$ cat run22.txt   # compact mmCIF, C-alpha atoms and all ligand atoms
# COMPACT_ATOMS: atom_id res chain seq x y z
CA MET A 10 0.00 0.00 0.00
CA THR A 11 1.19 3.51 -0.65
CA ARG A 12 0.50 6.33 1.71
CA SER A 13 -1.93 8.96 0.47
CA PRO A 14 -0.94 12.61 0.03
CA THR A 15 -3.80 13.81 2.20
CA PRO A 16 -5.55 16.01 2.99
CA LEU A 17 -6.93 16.52 -0.48
CA ALA A 18 -7.23 20.15 -1.53
CA ASP A 19 -10.70 21.72 -1.81
CA GLY A 20 -12.54 20.14 -4.72
CA GLU A 21 -9.60 17.90 -5.65
CA PRO A 22 -10.89 14.57 -7.00
CA LEU A 23 -9.57 11.19 -5.89
CA PRO A 24 -6.69 10.24 -8.21
CA PHE A 25 -8.06 6.73 -8.88
CA ARG A 26 -11.30 5.21 -10.15
CA HIS A 27 -10.83 1.66 -8.88
CA ARG A 28 -9.54 -0.01 -5.75
CA ASP A 29 -9.87 -3.71 -4.99
CA VAL A 30 -10.94 -2.87 -1.45
CA VAL A 31 -12.54 0.35 -0.24
CA VAL A 32 -12.84 0.89 3.52
CA VAL A 33 -15.43 3.56 4.32
CA GLY A 34 -14.33 5.38 7.47
CA GLY A 35 -10.87 6.08 8.87
CA GLY A 36 -11.53 5.93 12.61
CA GLN A 37 -10.07 3.26 14.86
CA ALA A 38 -12.09 0.46 13.19
CA GLY A 39 -11.05 1.49 9.67
CA LEU A 40 -7.40 1.73 10.73
CA ALA A 41 -7.47 -1.71 12.35
CA VAL A 42 -8.92 -3.15 9.14
CA GLY A 43 -6.27 -1.28 7.11
CA TYR A 44 -3.52 -2.73 9.31
CA HIS A 45 -4.71 -6.30 8.84
CA LEU A 46 -5.45 -5.83 5.12
CA THR A 47 -1.85 -4.70 4.63
CA ARG A 48 -0.71 -8.02 6.02
CA ALA A 49 -3.35 -10.24 4.45
CA LEU A 50 -2.74 -8.77 0.97
CA ARG A 51 1.05 -8.38 1.25
CA ALA A 52 1.84 -11.04 -1.33
CA THR A 53 -0.71 -9.70 -3.83
CA ASP A 54 -1.02 -6.61 -6.00
CA ALA A 55 -4.46 -5.76 -4.59
CA THR A 56 -5.14 -2.07 -4.08
CA VAL A 57 -6.79 -0.57 -0.99
CA ALA A 58 -8.16 2.85 -0.05
CA LEU A 59 -9.62 4.10 3.22
CA LEU A 60 -12.03 7.00 2.65
CA ASP A 61 -12.73 9.25 5.64
CA ASP A 62 -14.82 12.40 5.69
CA GLN A 63 -12.96 14.15 8.53
CA PRO A 64 -10.18 16.67 7.80
CA THR A 65 -7.73 15.07 10.26
CA PRO A 66 -7.19 11.63 11.86
CA GLY A 67 -9.07 10.40 14.91
CA GLY A 68 -12.66 9.60 13.88
CA ALA A 69 -15.15 10.09 16.68
CA TRP A 70 -12.43 11.02 19.17
CA ARG A 71 -12.17 14.42 17.41
CA HIS A 72 -15.65 15.16 18.73
CA GLY A 73 -15.25 14.07 22.36
CA TRP A 74 -15.64 16.65 25.10
CA ASP A 75 -12.62 18.59 26.33
CA SER A 76 -11.99 16.57 29.50
CA LEU A 77 -12.84 13.14 28.03
CA ARG A 78 -10.64 10.36 29.32
CA LEU A 79 -10.80 6.72 28.40
CA PHE A 80 -12.15 4.34 30.99
CA SER A 81 -9.52 1.84 29.89
CA PRO A 82 -5.79 2.27 30.71
CA ALA A 83 -3.33 2.77 27.85
CA GLU A 84 -2.26 -0.86 27.58
CA TRP A 85 -5.93 -1.83 27.25
CA SER A 86 -6.69 0.83 24.64
CA SER A 87 -4.48 -0.15 21.75
CA LEU A 88 -5.03 -1.18 18.15
CA PRO A 89 -3.14 -4.15 16.71
CA GLY A 90 0.62 -3.85 16.43
CA TYR A 91 1.36 -0.61 18.26
CA LEU A 92 0.67 0.19 21.91
CA LEU A 93 -0.91 3.50 22.82
CA PRO A 94 1.91 5.30 24.66
CA ARG A 95 1.14 5.69 28.34
CA HIS A 96 1.91 9.39 28.12
CA GLN A 97 2.42 11.49 25.02
CA ALA A 98 5.63 13.52 25.17
CA GLY A 99 5.36 17.28 25.00
CA ARG A 100 1.85 17.60 26.37
CA ASP A 101 1.27 19.95 29.24
CA ARG A 102 -0.34 17.30 31.41
CA ALA A 103 0.77 14.96 34.13
CA PRO A 104 1.08 11.34 33.02
CA ALA A 105 -2.27 9.71 33.56
CA GLU A 106 -3.24 6.11 33.69
CA TYR A 107 -6.41 6.84 31.75
CA PRO A 108 -5.43 8.40 28.42
CA HIS A 109 -6.97 11.72 27.47
CA ARG A 110 -8.98 12.11 24.26
CA ASP A 111 -6.06 14.08 22.76
CA ASP A 112 -3.71 11.18 23.49
CA VAL A 113 -5.96 8.95 21.39
CA LEU A 114 -6.03 11.54 18.59
CA ASP A 115 -2.22 11.68 18.59
CA TYR A 116 -2.06 7.90 18.71
CA LEU A 117 -4.44 7.33 15.80
CA GLY A 118 -2.56 9.91 13.70
CA ALA A 119 0.74 8.21 14.54
CA TYR A 120 -0.80 4.81 13.80
CA GLU A 121 -1.82 5.82 10.28
CA ALA A 122 1.63 7.21 9.60
CA ARG A 123 3.51 4.30 11.14
CA TYR A 124 1.77 1.74 8.94
CA GLU A 125 1.49 4.07 5.94
CA LEU A 126 -2.21 3.39 5.69
CA PRO A 127 -3.76 4.82 2.49
CA VAL A 128 -6.31 7.08 4.15
CA TRP A 129 -7.83 9.66 1.84
CA ARG A 130 -9.56 12.61 3.48
CA PRO A 131 -11.72 14.51 3.56
CA VAL A 132 -13.81 12.24 1.33
CA HIS A 133 -17.50 11.74 2.04
CA VAL A 134 -19.07 8.52 0.79
CA ARG A 135 -22.61 9.20 -0.30
CA ALA A 136 -23.73 5.74 -1.41
CA VAL A 137 -22.62 2.26 -2.34
CA HIS A 138 -24.21 0.81 -5.50
CA ARG A 139 -24.20 -2.66 -7.04
CA VAL A 140 -22.60 -2.70 -10.48
CA PRO A 141 -21.57 -5.59 -12.74
CA GLY A 142 -18.49 -7.22 -11.22
CA GLY A 143 -18.57 -5.41 -7.91
CA LEU A 144 -19.67 -2.31 -6.04
CA ARG A 145 -19.45 1.37 -6.91
CA VAL A 146 -18.61 3.77 -4.09
CA GLU A 147 -20.08 7.19 -4.82
CA THR A 148 -18.16 10.01 -3.11
CA ASP A 149 -17.99 13.79 -3.17
CA ARG A 150 -14.54 13.39 -4.82
CA GLY A 151 -15.66 11.08 -7.63
CA ASP A 152 -16.72 7.45 -7.83
CA VAL A 153 -14.57 4.41 -7.14
CA THR A 154 -15.39 0.83 -8.12
CA ALA A 155 -14.38 -1.91 -5.72
CA ARG A 156 -14.46 -5.68 -5.46
CA ALA A 157 -15.04 -5.48 -1.72
CA VAL A 158 -16.26 -2.74 0.62
CA VAL A 159 -15.73 -2.59 4.37
CA SER A 160 -18.06 -0.21 6.18
CA ALA A 161 -16.40 1.28 9.27
CA THR A 162 -18.39 4.49 9.63
CA GLY A 163 -18.95 4.31 13.38
CA THR A 164 -21.90 5.91 15.11
CA TRP A 165 -21.07 9.49 16.14
CA ALA A 166 -22.76 10.97 13.05
CA GLU A 167 -26.08 9.44 14.18
CA PRO A 168 -26.84 10.69 17.71
CA VAL A 169 -30.03 9.35 19.26
CA VAL A 170 -32.46 11.63 21.11
CA PRO A 171 -35.60 9.98 22.50
CA ASP A 172 -38.94 11.11 21.17
CA VAL A 173 -40.37 12.83 24.27
CA PRO A 174 -43.73 14.62 23.86
CA GLY A 175 -43.41 18.40 23.62
CA LEU A 176 -39.69 18.32 22.85
CA ASP A 177 -40.02 20.54 19.79
CA ALA A 178 -41.68 23.27 21.85
CA PHE A 179 -38.99 23.29 24.58
CA GLY A 180 -37.26 26.67 24.42
CA GLY A 181 -34.22 25.84 26.56
CA LEU A 182 -30.81 24.69 25.38
CA GLN A 183 -30.57 21.09 24.16
CA LEU A 184 -27.35 19.35 23.38
CA HIS A 185 -26.45 15.77 22.57
CA SER A 186 -23.25 14.45 24.15
CA SER A 187 -21.78 14.34 20.62
CA ALA A 188 -21.84 18.16 20.65
CA TYR A 189 -21.04 18.68 24.36
CA ARG A 190 -17.62 20.24 24.98
CA SER A 191 -17.43 21.59 28.53
CA PRO A 192 -19.65 22.56 31.49
CA ALA A 193 -18.98 26.30 31.11
CA PRO A 194 -22.20 27.21 29.21
CA PHE A 195 -24.29 25.62 31.98
CA ALA A 196 -22.89 27.56 34.95
CA GLY A 197 -25.64 28.54 37.39
CA GLN A 198 -28.39 26.85 35.38
CA ARG A 199 -30.94 24.13 36.09
CA VAL A 200 -29.77 21.22 33.94
CA LEU A 201 -30.97 17.68 33.26
CA VAL A 202 -28.40 15.13 32.11
CA VAL A 203 -30.28 12.28 30.46
CA GLY A 204 -28.75 8.79 30.19
CA GLY A 205 -27.38 6.40 32.79
CA GLY A 206 -24.23 5.16 31.04
CA ASN A 207 -20.61 6.28 31.13
CA SER A 208 -21.24 9.41 29.04
CA GLY A 209 -24.06 10.52 31.31
CA ALA A 210 -21.98 9.91 34.42
CA GLN A 211 -18.94 11.79 33.11
CA VAL A 212 -20.94 14.76 31.81
CA LEU A 213 -22.97 14.98 35.02
CA ALA A 214 -19.80 14.78 37.12
CA GLU A 215 -18.53 18.04 35.66
CA VAL A 216 -21.83 19.85 34.95
CA SER A 217 -22.97 19.26 38.54
CA ALA A 218 -19.88 21.12 39.77
CA VAL A 219 -21.15 24.38 38.21
CA ALA A 220 -24.90 23.88 37.84
CA ASP A 221 -27.99 22.56 39.62
CA ALA A 222 -28.04 19.24 37.79
CA SER A 223 -30.15 16.07 37.99
CA TRP A 224 -29.58 12.71 36.38
CA VAL A 225 -32.50 11.35 34.33
CA VAL A 226 -32.28 7.58 33.91
CA GLU A 227 -34.46 4.66 32.93
CA ARG A 228 -33.06 2.50 35.70
CA GLU A 229 -30.74 3.06 38.62
CA PRO A 230 -27.18 3.50 37.26
CA ARG A 231 -24.85 0.60 38.04
CA PHE A 232 -21.48 1.79 39.27
CA LEU A 233 -18.58 -0.60 39.08
CA PRO A 234 -16.54 -0.83 42.28
CA ALA A 235 -13.93 1.93 42.41
CA ASP A 236 -11.08 -0.53 41.86
CA VAL A 237 -12.61 -1.98 38.68
CA ASP A 238 -11.03 -0.24 35.71
CA GLY A 239 -11.07 -1.10 32.00
CA ARG A 240 -8.71 -4.06 32.48
CA VAL A 241 -10.97 -5.87 34.90
CA LEU A 242 -14.04 -4.79 32.99
CA PHE A 243 -12.81 -6.22 29.70
CA ASP A 244 -11.75 -9.49 31.32
CA ALA A 245 -15.09 -9.87 33.07
CA ALA A 246 -17.09 -8.80 30.01
CA THR A 247 -15.13 -11.25 27.83
CA ALA A 248 -15.84 -14.11 30.23
CA ARG A 249 -19.49 -13.10 30.37
CA TYR A 250 -19.73 -12.95 26.56
CA HIS A 251 -18.21 -16.41 26.09
CA ALA A 252 -20.41 -17.90 28.80
CA LEU A 253 -23.54 -16.49 27.15
CA GLN A 254 -22.34 -17.73 23.73
CA ASN A 255 -22.01 -21.21 25.21
CA GLY A 256 -25.43 -21.04 26.88
CA GLU A 257 -23.82 -21.00 30.34
CA ASP A 258 -24.62 -18.86 33.35
CA PRO A 259 -22.43 -15.74 32.92
CA GLY A 260 -21.78 -15.67 36.64
CA ARG A 261 -19.61 -12.55 36.53
CA PRO A 262 -21.43 -9.33 37.31
CA TYR A 263 -19.84 -6.61 35.14
CA THR A 264 -20.87 -5.50 31.65
CA LEU A 265 -19.47 -2.86 29.30
CA GLY A 266 -22.59 -0.76 30.01
CA ASP A 267 -21.77 -0.32 33.68
CA VAL A 268 -20.41 3.02 34.87
CA VAL A 269 -16.67 3.04 35.42
CA GLN A 270 -15.59 5.26 38.29
CA VAL A 271 -12.93 7.25 36.47
CA PRO A 272 -11.47 9.84 38.88
CA PRO A 273 -13.90 12.74 38.09
CA VAL A 274 -16.90 10.41 38.46
CA ARG A 275 -15.57 9.01 41.73
CA GLU A 276 -14.94 12.51 43.08
CA ALA A 277 -18.42 13.72 42.09
CA ARG A 278 -19.98 10.63 43.62
CA GLU A 279 -18.06 11.05 46.88
CA ALA A 280 -19.13 14.70 46.97
CA GLY A 281 -22.78 13.57 46.67
CA ARG A 282 -23.33 15.21 43.28
CA LEU A 283 -24.61 12.10 41.47
CA THR A 284 -27.46 11.31 43.83
CA ASP A 285 -30.31 13.41 42.38
CA VAL A 286 -31.60 10.65 40.10
CA ARG A 287 -34.92 11.20 38.30
CA PRO A 288 -37.21 8.98 36.20
CA PRO A 289 -37.68 9.56 32.45
CA ILE A 290 -39.29 12.91 31.54
CA ALA A 291 -43.04 12.52 30.84
CA ARG A 292 -43.20 15.57 28.57
CA PHE A 293 -41.62 18.93 27.86
CA THR A 294 -43.21 22.34 28.28
CA PRO A 295 -41.85 25.50 26.61
CA ASP A 296 -39.67 26.25 29.64
CA GLY A 297 -39.29 22.98 31.48
CA VAL A 298 -40.46 19.43 32.02
CA VAL A 299 -43.32 17.46 33.54
CA TRP A 300 -42.35 14.37 35.55
CA PRO A 301 -44.31 11.07 35.56
CA ASP A 302 -46.04 12.04 38.85
CA GLY A 303 -47.49 15.13 37.15
CA SER A 304 -45.27 17.69 38.87
CA GLY A 305 -43.56 20.23 36.66
CA GLU A 306 -40.44 22.33 36.97
CA HIS A 307 -38.44 24.93 35.14
CA VAL A 308 -35.36 23.63 33.29
CA ASP A 309 -32.76 25.71 31.45
CA ALA A 310 -30.93 22.99 29.56
CA VAL A 311 -30.92 19.28 28.73
CA VAL A 312 -27.85 17.25 27.80
CA TRP A 313 -28.80 14.04 25.98
CA CYS A 314 -26.32 11.26 26.75
CA THR A 315 -28.61 8.78 25.07
CA GLY A 316 -26.30 7.08 22.65
CA PHE A 317 -25.94 6.64 18.94
CA ARG A 318 -27.04 4.36 16.11
CA PRO A 319 -24.84 3.00 13.32
CA ALA A 320 -24.08 5.55 10.56
CA LEU A 321 -25.20 3.35 7.67
CA ALA A 322 -26.78 5.89 5.30
CA PRO A 323 -24.28 5.06 2.50
CA LEU A 324 -25.59 1.47 2.46
CA ALA A 325 -29.26 2.42 2.00
CA LEU A 326 -29.38 1.65 -1.73
CA LEU A 327 -28.04 -1.86 -1.16
CA GLY A 328 -31.21 -2.69 0.77
CA VAL A 329 -29.24 -4.41 3.54
CA VAL A 330 -30.07 -2.10 6.47
CA ARG A 331 -32.86 -3.51 8.63
CA ALA A 332 -35.56 -1.54 10.43
CA ASP A 333 -33.51 -1.72 13.65
CA GLY A 334 -30.68 0.18 11.91
CA ARG A 335 -28.34 -2.83 11.68
CA VAL A 336 -27.25 -5.17 8.92
CA GLU A 337 -27.60 -8.93 9.18
CA THR A 338 -24.09 -10.33 9.30
CA GLU A 339 -22.29 -13.59 9.71
CA GLY A 340 -19.25 -12.51 11.64
CA THR A 341 -18.71 -9.14 9.99
CA ARG A 342 -19.85 -10.12 6.49
CA SER A 343 -23.25 -9.01 5.21
CA VAL A 344 -25.48 -12.00 4.59
CA ALA A 345 -27.41 -10.27 1.79
CA GLU A 346 -24.38 -8.64 0.08
CA PRO A 347 -21.30 -10.89 0.27
CA ARG A 348 -18.98 -8.16 -1.03
CA LEU A 349 -19.73 -6.04 2.03
CA TRP A 350 -18.30 -6.25 5.57
CA LEU A 351 -19.08 -4.11 8.63
CA VAL A 352 -16.54 -3.48 11.38
CA GLY A 353 -16.90 -1.52 14.64
CA TYR A 354 -20.39 -0.35 15.65
CA GLY A 355 -20.96 -2.72 18.59
CA GLN A 356 -21.37 -6.26 19.77
CA TRP A 357 -23.40 -7.26 16.71
CA THR A 358 -20.24 -7.07 14.57
CA GLY A 359 -17.98 -8.76 17.13
CA PHE A 360 -17.31 -8.73 20.83
CA ALA A 361 -16.21 -5.27 22.04
CA SER A 362 -15.69 -4.19 18.43
CA ALA A 363 -16.59 -0.58 19.28
CA THR A 364 -13.52 -0.37 21.54
CA LEU A 365 -9.87 0.22 20.69
CA VAL A 366 -8.70 -3.04 22.18
CA GLY A 367 -11.63 -5.08 20.92
CA VAL A 368 -11.80 -4.08 17.27
CA GLY A 369 -8.53 -5.80 16.32
CA ARG A 370 -10.04 -9.26 16.46
CA SER A 371 -12.93 -8.55 14.07
CA ALA A 372 -10.61 -6.48 11.84
CA ARG A 373 -8.25 -9.45 11.48
CA ALA A 374 -11.03 -11.89 10.68
CA THR A 375 -12.49 -9.41 8.18
CA ALA A 376 -9.15 -8.86 6.40
CA ARG A 377 -8.69 -12.62 6.02
CA GLU A 378 -12.17 -13.05 4.56
CA VAL A 379 -11.68 -10.11 2.19
CA ALA A 380 -8.35 -11.56 1.02
CA ALA A 381 -9.99 -14.94 0.43
CA HIS A 382 -12.82 -13.26 -1.48
CA LEU A 383 -10.36 -11.38 -3.72
CA SER A 384 -8.36 -14.49 -4.48
CA SER A 385 -11.46 -16.55 -5.28
CA ALA A 386 -13.20 -14.03 -7.52
P1 LIG B 1 -15.46 6.41 14.42
O1 LIG B 1 -14.39 6.72 15.37
O2 LIG B 1 -16.72 7.21 14.46
O3 LIG B 1 -14.84 6.50 12.94
C1 LIG B 1 -15.66 6.44 11.79
C2 LIG B 1 -15.11 7.42 10.78
O4 LIG B 1 -15.86 7.28 9.58
C3 LIG B 1 -15.27 8.87 11.23
O5 LIG B 1 -14.13 9.60 10.94
C4 LIG B 1 -16.46 9.34 10.42
O6 LIG B 1 -16.47 10.73 10.21
C5 LIG B 1 -16.24 8.56 9.15
N1 LIG B 1 -17.45 8.45 8.33
C6 LIG B 1 -18.71 8.21 8.74
N2 LIG B 1 -19.55 8.20 7.68
C7 LIG B 1 -18.77 8.41 6.59
C8 LIG B 1 -19.05 8.53 5.20
N3 LIG B 1 -20.30 8.42 4.71
N4 LIG B 1 -18.02 8.76 4.33
C9 LIG B 1 -16.75 8.87 4.80
N5 LIG B 1 -16.45 8.79 6.12
C10 LIG B 1 -17.44 8.56 6.99
N6 LIG B 1 -13.47 3.01 23.54
C11 LIG B 1 -12.44 2.43 24.21
O7 LIG B 1 -11.81 1.52 23.68
N7 LIG B 1 -12.07 2.86 25.45
C12 LIG B 1 -12.70 3.88 26.05
O8 LIG B 1 -12.36 4.25 27.17
C13 LIG B 1 -13.79 4.52 25.39
N8 LIG B 1 -14.43 5.56 25.95
C14 LIG B 1 -15.46 6.15 25.28
C15 LIG B 1 -16.12 7.20 25.86
C16 LIG B 1 -17.16 7.82 25.21
C17 LIG B 1 -17.87 8.96 25.86
C18 LIG B 1 -17.56 7.37 23.93
C19 LIG B 1 -18.70 8.04 23.20
C20 LIG B 1 -16.90 6.32 23.33
C21 LIG B 1 -15.85 5.68 24.00
N9 LIG B 1 -15.20 4.61 23.44
C22 LIG B 1 -14.15 4.03 24.10
C23 LIG B 1 -15.64 4.03 22.18
C24 LIG B 1 -14.96 4.61 20.97
O9 LIG B 1 -14.53 5.89 21.05
C25 LIG B 1 -15.87 4.62 19.74
O10 LIG B 1 -16.71 3.55 19.79
C26 LIG B 1 -15.01 4.60 18.52
O11 LIG B 1 -14.61 5.91 18.21
C27 LIG B 1 -15.63 3.93 17.32
O12 LIG B 1 -14.64 3.82 16.32
P2 LIG B 1 -15.04 3.59 14.83
O13 LIG B 1 -13.79 3.61 14.04
O14 LIG B 1 -15.97 2.46 14.71
O15 LIG B 1 -15.93 4.88 14.49

$ encode --input "run22.txt" --output "C-alpha cells"
Amino acid sequence: MTRSPTPLADGEPLPFRHRDVVVVGGGQAGLAVGYHLTRALRATDATVALLDDQPTPGGAWRHGWDSLRLFSPAEWSSLPGYLLPRHQAGRDRAPAEYPHRDDVLDYLGAYEARYELPVWRPVHVRAVHRVPGGLRVETDRGDVTARAVVSATGTWAEPVVPDVPGLDAFGGLQLHSSAYRSPAPFAGQRVLVVGGGNSGAQVLAEVSAVADASWVVEREPRFLPADVDGRVLFDAATARYHALQNGEDPGRPYTLGDVVQVPPVREAREAGRLTDVRPPIARFTPDGVVWPDGSGEHVDAVVWCTGFRPALAPLALLGVVRADGRVETEGTRSVAEPRLWLVGYGQWTGFASATLVGVGRSARATAREVAAHLSSA
C-alpha cells in the first residue's frame, strides 16, 4: 500500500477510479482493518483505499468533550501492532493512567503514519451501488469501483435523542453528548443530564460542579466498584460474553454498560453530586419538564447522553439495512451482500468491536475473509 498525500485540496478529486478494497471510514475500526489488510494482501497486487470524511485523523475522538478520558488504561486501549503510549511527550499534562482524548487523537494519527495506511480525506461517501463485477462507491470526490467494501463508519454521526412529547416546543438549550464540549455554558443553570451510562456519568460529574443538575435515567445507574477499571471490565465482560455464547450462566457481574468510576466520576460521587436521580421525563413544556407524577419544573438545559445508532446511510441503496438500523451479518460479512463487511459499531459485529482493544479481532477476521474473497473471484 502507498501512503496517500492527504488532505486533499478543496474540490480535488480522488486520483483513482478503482480499488480492490474500499474501507469507508478512517476511525479506529477502519485503521485496524487497514492494518490487517496490509498483512493479508502483502503477497498480492491488490489495491486498498480508506475514505474518511474528517479533515484530520481520529474519527469520533475528534468530537469528544474537552476533559474526556478513556475508561480503559493505555495498555488496554491499543489497536493491533502498536501500543498506545502511556503518556504522550510534550503535552502539558501529568502522566495519567487513563489516556486523554487528545492522546488517542495523537495515537491514531501516529498509527496511520507508522503503517502508511492509504487514508484519503476529507472524502464523504454518499452511497454504495451494485454494479456488474462489484460495487461502486459514490463520493464527493468522484466514484470508485471496488471488489469489496468494508463499512467502518462508526456511530457518532447518528446521535439518538428519545422522542419525548413536547420536545419541539422546549425553548431551553438542548445538546447531545456528541456536541457537548465543557460545562462552562451551563454555569448557574438548572440542567438535566439524560442517560445512565458512562457518558451521562462523566458529563454529570462536571456539569454538577457548576450547575444545579439532575440525572435522568431509565433504571438506577450501576457503578462498578472503584477498583474496577477497564482491564478488569474487559476481562469480566469477555468471560461473560463467552459464557452467554455457550449457553452458560455468565456468573460474573460486570458489563461494558456499567459506569466506570474514572477519577472525576468518583470525586463527584463522593461529593454527593450524582445522587439526584430522576425517572424519564413525561413531557416537555416551553420552559421545562413534567415528571411522571405530574409535577412540573423549570429547566434551562438538557444534555442528551442517550447514545448513537450505526451511521449506515451510504448502504441504504443496497437494501441491507434492517428496520432496527443494523445489517444482518455472519461474523462481519453481510449476509445479503457478500462483497460487504461491517466493522466496529458494537457487539453485533464482534465482541467489544466498538472499543480500541476489541476491534482488532474482528478487523483481522475481516481482512482474512476479504483476502480470500479477492483471491477466489
Ligand atoms: P469512528 O471513530 O466514528 O470512525 C468512523 C469514521 O468514519 C469517522 O471519521 C467518520 O467521520 C467517518 N465516516 C462516517 N460516515 C462516513 C461517510 N459516509 N463517508 C466517509 N467517512 C465517513 N473506547 C475504548 O476503547 N475505550 C474507552 O475508554 C472509550 N471511551 C469512550 C467514551 C465515550 C464517551 C464514547 C462516546 C466512546 C468511548 N469509546 C471508548 C468508544 C470509541 O470511542 C468509539 O466507539 C469509537 O470511536 C468507534 O470507532 P469507529 O472507528 O468504529 O468509528

$ residues_around --input "run22.txt" --residues "Gly303 (chain A)" --least-positions-apart "3" --cutoff "10 Å" --atoms "only C-alpha atoms" --output "list in words"
Ala291, Arg292, Val298, Val299 and Trp300 of chain A

$ atom_distance --input "run22.txt" --atom1 "CA of Gly340 (chain A)" --atom2 "CA of Ala374 (chain A)"
8.3 Å

$ atom_distance --input "run22.txt" --atom1 "CA of Leu283 (chain A)" --atom2 "CA of Trp224 (chain A)"
7.1 Å

$ residues_around --input "run22.txt" --residues "Asp111 (chain A)" --least-positions-apart "4" --cutoff "9 Å" --atoms "all atoms listed in the file" --output "compact mmCIF listing (two decimals) with C-alpha atoms, keeping the file's coordinate frame"
# COMPACT_ATOMS: atom_id res chain seq x y z
CA TRP A 70 -12.43 11.02 19.17
CA ARG A 71 -12.17 14.42 17.41
CA ASP A 75 -12.62 18.59 26.33
CA LEU A 77 -12.84 13.14 28.03
CA ARG A 78 -10.64 10.36 29.32
CA ASP A 115 -2.22 11.68 18.59
CA TYR A 116 -2.06 7.90 18.71

$ residues_around --input "run22.txt" --residues "region 117-125 of chain A" --least-positions-apart "6" --cutoff "12 Å" --atoms "all atoms listed in the file" --output "MDAnalysis selection string"
chainID A and resid 10:15 35:48 57:59 64:71 86:94 97 110:111 365

$ atom_distance --input "run22.txt" --atom1 "CA of Ser384 (chain A)" --atom2 "CA of Ala49 (chain A)"
11.1 Å

$ closest_residue --input "run22.txt" --among "A:Arg28, A:Arg139, A:His251, A:Arg190" --to "ligand LIG 1 (chain B)" --atoms "only C-alpha atoms and all ligand atoms"
A:Arg190

$ residues_around --input "run22.txt" --residues "Val31 (chain A)" --least-positions-apart "5" --cutoff "9 Å" --atoms "all atoms listed in the file" --output "ChimeraX atom specification"
/A:56-60,146,153-160

$ residues_around --input "run22.txt" --residues "Val200 (chain A)" --least-positions-apart "6" --cutoff "9 Å" --atoms "all atoms listed in the file" --output "ChimeraX atom specification"
/A:216-217,220-224,308-312
